[in-house]
Amino acid sequence: MKRLIILFCILLSLSSTRQVMAQNSVPFQWSQAMLTAIRNDFARPPMTARNLFHFSLAMYDAWAAYDSVASTVFLGKTFNGFFCPYNGIVQPADIESARNAAMSFAAYRIIRNRYINSPGWNSVTNNMLNTLMGEMGYDVNFTSADYSGGDPKA
């Protein structure tokens with residue numbers, strides 16, 4: 001019985017550690033930003049669904065660009081008649097940092113583009129996005145679409 005209690009305590013501590021780590025991840029933070037933008041907009045379910053679709057695929061493609069096995073959805077493909085050029089990237093020394101930067105800029109630009117005219121843009125969403133980018137060390141004025149160099153902070 002004593003061993004079972006110890007095992008339970010160990011599993012519980014591992015579970016809470018994973019939960020804290022997941023809450024600090026870049027995708028988690030940007031997902032929370034997206035949900036905040038949705039909450040501060042008009043209720044438009046079809047547009048919200050489209051925005052979530054594009055947000056998740058942009059984040060996935062930013063992640064997949066740095067993975068040797070994953071296949072992108074938009075990058076380098078034709079999607080509904082729209083071709084998104086992609087010639088690959090030079091794998092940087094710090095893949096995790098470059099991946100986080102790519103996901104952050106993708107998320108920031110999707111949210112900004114889709115919610116700039118929402119009622120909560122000036123009072124909540126814009127400040128939240130700019131603060132999050134600043135906390136991560138990224139410049140919101142960096143607007144280059146040239147992803148080939150990897151991390152824009154490097």
# chains A, B, ... in the order shown; residues from 1 in each chain; ligands from 1

$ residues_around --residues "Thr36 (chain A)" --least-positions-apart "2" --cutoff "10 Å" --atoms "only C-alpha atoms" --output "list of chain:residue names"
A:Trp30, A:Ser31, A:Gln32, A:Ala33, A:Met34, A:Ile38, A:Arg39, A:Asn40, A:Asp41, A:Gly120, A:Val124, A:Thr125, A:Met128, A:Leu129

$ write_last_selection --atoms "N, CA, C and O atoms" --output "PDB file, in the first residue's frame"
ATOM      1  N   TRP A  30       0.208  31.515 -27.686  1.00  0.00           N
ATOM      2  CA  TRP A  30      -0.445  32.100 -28.854  1.00  0.00           C
ATOM      3  C   TRP A  30      -1.880  31.612 -29.004  1.00  0.00           C
ATOM      4  O   TRP A  30      -2.748  32.361 -29.460  1.00  0.00           O
ATOM      5  N   SER A  31      -2.148  30.399 -28.586  1.00  0.00           N
ATOM      6  CA  SER A  31      -3.533  29.914 -28.608  1.00  0.00           C
ATOM      7  C   SER A  31      -4.384  30.723 -27.639  1.00  0.00           C
ATOM      8  O   SER A  31      -5.531  31.066 -27.938  1.00  0.00           O
ATOM      9  N   GLN A  32      -3.822  31.043 -26.482  1.00  0.00           N
ATOM     10  CA  GLN A  32      -4.546  31.880 -25.522  1.00  0.00           C
ATOM     11  C   GLN A  32      -4.768  33.284 -26.092  1.00  0.00           C
ATOM     12  O   GLN A  32      -5.830  33.883 -25.903  1.00  0.00           O
ATOM     13  N   ALA A  33      -3.794  33.819 -26.811  1.00  0.00           N
ATOM     14  CA  ALA A  33      -3.944  35.130 -27.444  1.00  0.00           C
ATOM     15  C   ALA A  33      -5.047  35.092 -28.500  1.00  0.00           C
ATOM     16  O   ALA A  33      -5.857  36.027 -28.600  1.00  0.00           O
ATOM     17  N   MET A  34      -5.097  34.011 -29.264  1.00  0.00           N
ATOM     18  CA  MET A  34      -6.136  33.857 -30.277  1.00  0.00           C
ATOM     19  C   MET A  34      -7.513  33.812 -29.622  1.00  0.00           C
ATOM     20  O   MET A  34      -8.457  34.456 -30.092  1.00  0.00           O
ATOM     21  N   ILE A  38     -10.711  36.365 -30.100  1.00  0.00           N
ATOM     22  CA  ILE A  38     -12.060  35.896 -30.445  1.00  0.00           C
ATOM     23  C   ILE A  38     -13.075  36.444 -29.443  1.00  0.00           C
ATOM     24  O   ILE A  38     -14.158  36.901 -29.828  1.00  0.00           O
ATOM     25  N   ARG A  39     -12.736  36.406 -28.165  1.00  0.00           N
ATOM     26  CA  ARG A  39     -13.649  36.897 -27.122  1.00  0.00           C
ATOM     27  C   ARG A  39     -13.931  38.387 -27.265  1.00  0.00           C
ATOM     28  O   ARG A  39     -14.985  38.862 -26.849  1.00  0.00           O
ATOM     29  N   ASN A  40     -13.000  39.126 -27.818  1.00  0.00           N
ATOM     30  CA  ASN A  40     -13.155  40.576 -27.945  1.00  0.00           C
ATOM     31  C   ASN A  40     -13.616  41.003 -29.330  1.00  0.00           C
ATOM     32  O   ASN A  40     -13.463  42.155 -29.704  1.00  0.00           O
ATOM     33  N   ASP A  41     -14.196  40.096 -30.069  1.00  0.00           N
ATOM     34  CA  ASP A  41     -14.718  40.373 -31.403  1.00  0.00           C
ATOM     35  C   ASP A  41     -16.219  40.131 -31.395  1.00  0.00           C
ATOM     36  O   ASP A  41     -16.784  39.644 -30.417  1.00  0.00           O
ATOM     37  N   GLY A 120     -12.668  45.033 -29.839  1.00  0.00           N
ATOM     38  CA  GLY A 120     -11.714  45.002 -28.746  1.00  0.00           C
ATOM     39  C   GLY A 120     -10.276  45.186 -29.174  1.00  0.00           C
ATOM     40  O   GLY A 120      -9.352  45.011 -28.369  1.00  0.00           O
ATOM     41  N   VAL A 124      -7.837  45.907 -26.018  1.00  0.00           N
ATOM     42  CA  VAL A 124      -7.315  44.666 -25.443  1.00  0.00           C
ATOM     43  C   VAL A 124      -6.334  43.954 -26.374  1.00  0.00           C
ATOM     44  O   VAL A 124      -5.174  43.746 -26.031  1.00  0.00           O
ATOM     45  N   THR A 125      -6.812  43.557 -27.532  1.00  0.00           N
ATOM     46  CA  THR A 125      -6.079  42.621 -28.383  1.00  0.00           C
ATOM     47  C   THR A 125      -4.740  43.163 -28.856  1.00  0.00           C
ATOM     48  O   THR A 125      -3.719  42.478 -28.754  1.00  0.00           O
ATOM     49  N   MET A 128      -2.240  43.279 -26.020  1.00  0.00           N
ATOM     50  CA  MET A 128      -1.864  41.926 -25.600  1.00  0.00           C
ATOM     51  C   MET A 128      -0.869  41.309 -26.591  1.00  0.00           C
ATOM     52  O   MET A 128       0.143  40.731 -26.192  1.00  0.00           O
ATOM     53  N   LEU A 129      -1.138  41.455 -27.895  1.00  0.00           N
ATOM     54  CA  LEU A 129      -0.241  40.879 -28.911  1.00  0.00           C
ATOM     55  C   LEU A 129       1.137  41.521 -28.855  1.00  0.00           C
ATOM     56  O   LEU A 129       2.156  40.827 -28.885  1.00  0.00           O
TER      57      LEU A 129
END

$ select_by_dssp --residues "region 12-140 of chain A" --states "strand (DSSP E)" --output "PyMOL selection string"
chain A and resi 78-79+82-83

$ write_last_selection --atoms "N, CA and C atoms" --output "PDB file, in the first residue's frame"
ATOM      1  N   THR A  78       0.006  24.066 -53.421  1.00  0.00           N
ATOM      2  CA  THR A  78      -1.128  24.813 -53.938  1.00  0.00           C
ATOM      3  C   THR A  78      -2.339  24.406 -53.117  1.00  0.00           C
ATOM      4  N   PHE A  79      -3.022  25.374 -52.574  1.00  0.00           N
ATOM      5  CA  PHE A  79      -4.173  25.136 -51.717  1.00  0.00           C
ATOM      6  C   PHE A  79      -5.325  25.988 -52.222  1.00  0.00           C
ATOM      7  N   PHE A  82      -4.306  28.664 -54.670  1.00  0.00           N
ATOM      8  CA  PHE A  82      -3.307  29.622 -54.218  1.00  0.00           C
ATOM      9  C   PHE A  82      -2.010  28.880 -53.942  1.00  0.00           C
ATOM     10  N   PHE A  83      -0.927  29.299 -54.610  1.00  0.00           N
ATOM     11  CA  PHE A  83       0.369  28.670 -54.403  1.00  0.00           C
ATOM     12  C   PHE A  83       1.176  29.480 -53.400  1.00  0.00           C
TER      13      PHE A  83
END

$ residues_around --residues "Phe105 (chain A)" --least-positions-apart "5" --cutoff "12 Å" --atoms "only C-alpha atoms" --output "VMD selection string"
chain A and resid 26 to 27 30 55 58 to 59 61 to 63 98 to 100 110 to 113 129 to 130 132 to 134 136 to 147 150 to 153

$ closest_residue --among "A:Ser123, A:Gly88, A:Tyr66, A:Ala49" --to "Ala102 (chain A)" --atoms "only C-alpha atoms"
A:Tyr66

$ atom_distance --atom1 "CA of Asn80 (chain A)" --atom2 "CA of Met47 (chain A)"
17.5 Å

$ select_by_dssp --residues "region 30-120 of chain A" --states "helix (DSSP H, G or I)" --output "PyMOL selection string"
chain A and resi 30-39+45-64+95-115

$ atom_distance --atom1 "CA of Ala65 (chain A)" --atom2 "CA of Ala107 (chain A)"
14.8 Å

$ atom_distance --atom1 "CA of Pro46 (chain A)" --atom2 "CA of Arg109 (chain A)"
19.9 Å

$ closest_residue --among "A:Gln91, A:Ser97, A:Asn127, A:Thr48" --to "Asp67 (chain A)" --atoms "only C-alpha atoms"
A:Gln91

$ closest_residue --among "A:Ser68, A:Thr131, A:Asn117, A:Asn24" --to "Ile89 (chain A)" --atoms "only C-alpha atoms"
A:Ser68
